[in-house]
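Contents: one structure, followed by commentary.
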Amino acid sequence: MTEQTVASTIPAPIEKVWAILRDFGDLRWGNIQSTELDRNEIGGVRTFTSSTGLVIRERLERLDDEDHVLAYTMLDAPELPWTDYLAHIRLNDIDGHTALEWHARFEPRNVTADQAQAIVRAIFENGIGNLQRAAGGG
């Protein structure tokens with residue numbers, strides 16, 4: 001297994017960032033205009049099309065309002081260079097700002113571990129930038 005973590009601080013209150021992030025069926029903050037969610041609860045599956053045209057399905061594994069943690073697995077993504085993908089996003093309050101950690105564990109497929117990590121890192125960094133803009137923090 002390979003892992004990748006990206007950490008950042010968003011200059012917005014944790015409540016605002018969590019309100020955006022916790023809605024598993026709404027990825028507009030990530031520049032995804034259309035997301036379908038079969039049910040809004042643990043085990044719910046969202047389906048969306050990436051900016052490159054890939055249809056991606058993800059299942060909600062954990063949604064913890066007290067600890068501000070969201071975890072998901074990626075399903076049915078043969079075009080992507082990994083399998084067994086599990087990710088979590090954890091938020092913490094730091095003096096009115098939001099510390100964010102986005103972590104994934106996965107098995108590279110048809111690429112090296114370094115290549116897969118670079119792709120995931122770029123996705124996370126782009127997502128964090130989009131989340132920061134959506135929260136009004138930059």
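In the structure tokens, the first chain shown is A, the next is B, and so on; residue numbers restart at 1 for each chain, and ligands run from 1 in the order shown.
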Item to check | Expected answer as a ChimeraX atom specification: strand (DSSP E or B) residues in chain A | outcome: /A:2-10,35-37,45-49,55-64,69-75,82-94,97-108
Go ahead and save the residues from that selection, with C-alpha atoms, as a PDB file, in the first residue's frame.
ATOM      1  CA  THR A   2       1.011   3.545  -0.721  1.00  0.00           C
ATOM      2  CA  GLU A   3      -0.076   6.619   1.205  1.00  0.00           C
ATOM      3  CA  GLN A   4      -0.268  10.343   0.563  1.00  0.00           C
ATOM      4  CA  THR A   5      -1.096  13.161   2.970  1.00  0.00           C
ATOM      5  CA  VAL A   6      -1.506  16.860   2.348  1.00  0.00           C
ATOM      6  CA  ALA A   7      -2.008  19.295   5.220  1.00  0.00           C
ATOM      7  CA  SER A   8      -2.975  22.939   5.015  1.00  0.00           C
ATOM      8  CA  THR A   9      -4.567  25.751   6.998  1.00  0.00           C
ATOM      9  CA  ILE A  10      -7.672  27.464   5.684  1.00  0.00           C
ATOM     10  CA  THR A  35     -23.157  14.951  -8.339  1.00  0.00           C
ATOM     11  CA  GLU A  36     -25.674  12.186  -7.777  1.00  0.00           C
ATOM     12  CA  LEU A  37     -26.001  10.707  -4.284  1.00  0.00           C
ATOM     13  CA  VAL A  45     -22.582   6.414  -2.969  1.00  0.00           C
ATOM     14  CA  ARG A  46     -21.953   9.598  -4.917  1.00  0.00           C
ATOM     15  CA  THR A  47     -21.314   9.557  -8.653  1.00  0.00           C
ATOM     16  CA  PHE A  48     -19.730  12.458 -10.502  1.00  0.00           C
ATOM     17  CA  THR A  49     -17.767  13.229 -13.635  1.00  0.00           C
ATOM     18  CA  VAL A  55     -17.048   8.938 -14.091  1.00  0.00           C
ATOM     19  CA  ILE A  56     -16.094   8.367 -10.449  1.00  0.00           C
ATOM     20  CA  ARG A  57     -18.063   6.633  -7.706  1.00  0.00           C
ATOM     21  CA  GLU A  58     -17.243   7.111  -4.025  1.00  0.00           C
ATOM     22  CA  ARG A  59     -18.866   5.606  -0.924  1.00  0.00           C
ATOM     23  CA  LEU A  60     -19.182   7.527   2.342  1.00  0.00           C
ATOM     24  CA  GLU A  61     -17.503   5.501   5.094  1.00  0.00           C
ATOM     25  CA  ARG A  62     -17.492   7.961   8.000  1.00  0.00           C
ATOM     26  CA  LEU A  63     -19.077  11.312   8.733  1.00  0.00           C
ATOM     27  CA  ASP A  64     -18.249  12.538  12.233  1.00  0.00           C
ATOM     28  CA  VAL A  69     -13.872  13.754   9.934  1.00  0.00           C
ATOM     29  CA  LEU A  70     -15.142  12.541   6.575  1.00  0.00           C
ATOM     30  CA  ALA A  71     -13.897   9.256   5.075  1.00  0.00           C
ATOM     31  CA  TYR A  72     -14.693   7.697   1.711  1.00  0.00           C
ATOM     32  CA  THR A  73     -13.645   4.859  -0.567  1.00  0.00           C
ATOM     33  CA  MET A  74     -13.384   5.079  -4.337  1.00  0.00           C
ATOM     34  CA  LEU A  75     -15.379   2.456  -6.255  1.00  0.00           C
ATOM     35  CA  TRP A  82      -4.912   2.945  -8.195  1.00  0.00           C
ATOM     36  CA  THR A  83      -7.132   0.401  -6.466  1.00  0.00           C
ATOM     37  CA  ASP A  84      -8.238  -0.093  -2.854  1.00  0.00           C
ATOM     38  CA  TYR A  85      -8.466   3.672  -2.345  1.00  0.00           C
ATOM     39  CA  LEU A  86      -9.528   4.889   1.104  1.00  0.00           C
ATOM     40  CA  ALA A  87      -9.291   8.570   2.047  1.00  0.00           C
ATOM     41  CA  HIS A  88     -10.158  10.713   5.027  1.00  0.00           C
ATOM     42  CA  ILE A  89     -10.317  14.433   5.584  1.00  0.00           C
ATOM     43  CA  ARG A  90      -9.875  15.692   9.143  1.00  0.00           C
ATOM     44  CA  LEU A  91     -10.430  19.265  10.323  1.00  0.00           C
ATOM     45  CA  ASN A  92      -9.202  20.927  13.511  1.00  0.00           C
ATOM     46  CA  ASP A  93      -9.791  24.417  14.852  1.00  0.00           C
ATOM     47  CA  ILE A  94      -6.654  26.503  15.304  1.00  0.00           C
ATOM     48  CA  HIS A  97      -8.791  28.987  11.343  1.00  0.00           C
ATOM     49  CA  THR A  98      -9.167  25.444  10.048  1.00  0.00           C
ATOM     50  CA  ALA A  99      -6.300  22.965   9.940  1.00  0.00           C
ATOM     51  CA  LEU A 100      -7.063  20.353   7.303  1.00  0.00           C
ATOM     52  CA  GLU A 101      -5.408  16.989   6.726  1.00  0.00           C
ATOM     53  CA  TRP A 102      -6.361  14.957   3.635  1.00  0.00           C
ATOM     54  CA  HIS A 103      -4.932  11.450   3.672  1.00  0.00           C
ATOM     55  CA  ALA A 104      -5.338   8.495   1.311  1.00  0.00           C
ATOM     56  CA  ARG A 105      -4.132   4.921   1.255  1.00  0.00           C
ATOM     57  CA  PHE A 106      -4.200   3.040  -2.063  1.00  0.00           C
ATOM     58  CA  GLU A 107      -2.518   0.425  -4.242  1.00  0.00           C
ATOM     59  CA  PRO A 108      -0.858   1.881  -7.381  1.00  0.00           C
TER      60      PRO A 108
END
Next on the checklist: Report as number ranges by chain all protein, DNA and RNA residues lying within 8 Å of A:Asn40, evaluated on only C-alpha atoms, omitting residues in the same chain fewer than 4 positions from it.
Outcome noted: A: 24-25, 44
Would you mind exporting the chosen residues as an mmCIF file, in the first residue's frame, restricted to C-alpha atoms?
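Heads up, here's the output in again33.cif:
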data_model
loop_
_atom_site.group_PDB
_atom_site.id
_atom_site.type_symbol
_atom_site.label_atom_id
_atom_site.label_comp_id
_atom_site.auth_asym_id
_atom_site.auth_seq_id
_atom_site.Cartn_x
_atom_site.Cartn_y
_atom_site.Cartn_z
ATOM 1 C CA PHE A 24 -21.224 14.414 0.565
ATOM 2 C CA GLY A 25 -23.634 14.943 -2.307
ATOM 3 C CA GLY A 44 -24.234 6.334 0.457
#
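Closest to A:Ala113 among A:Pro81, A:Ser34, A:Arg133, A:Glu66 is A:Pro81, based on only C-alpha atoms.
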Next on the checklist: Among stretch 13-74 of chain A, which ones does DSSP assign to helix (DSSP H, G or I) (computed from the backbone)? Answer as a PyMOL selection string.
Outcome noted: chain A and resi 14-21+28-30
Next on the checklist: Quick check, in Å to one decimal: how far apart do atom CA of A:Gln115 and atom CA of A:Glu79 lie?
Outcome noted: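 Answer for the atom CA of A:Gln115 to atom CA of A:Glu79 separation: 14.8 Å.
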Item to check | Separation of atom CA of A:Arg121 from atom CA of A:Arg28, in Å and rounded to one decimal | outcome: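 For atom CA of A:Arg121 relative to atom CA of A:Arg28, the distance reads 20.0 Å.
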Next on the checklist: Quick check, in Å to one decimal: how far apart do atom CA of A:Pro13 and atom CA of A:His68 lie?
Outcome noted: 12.3 Å
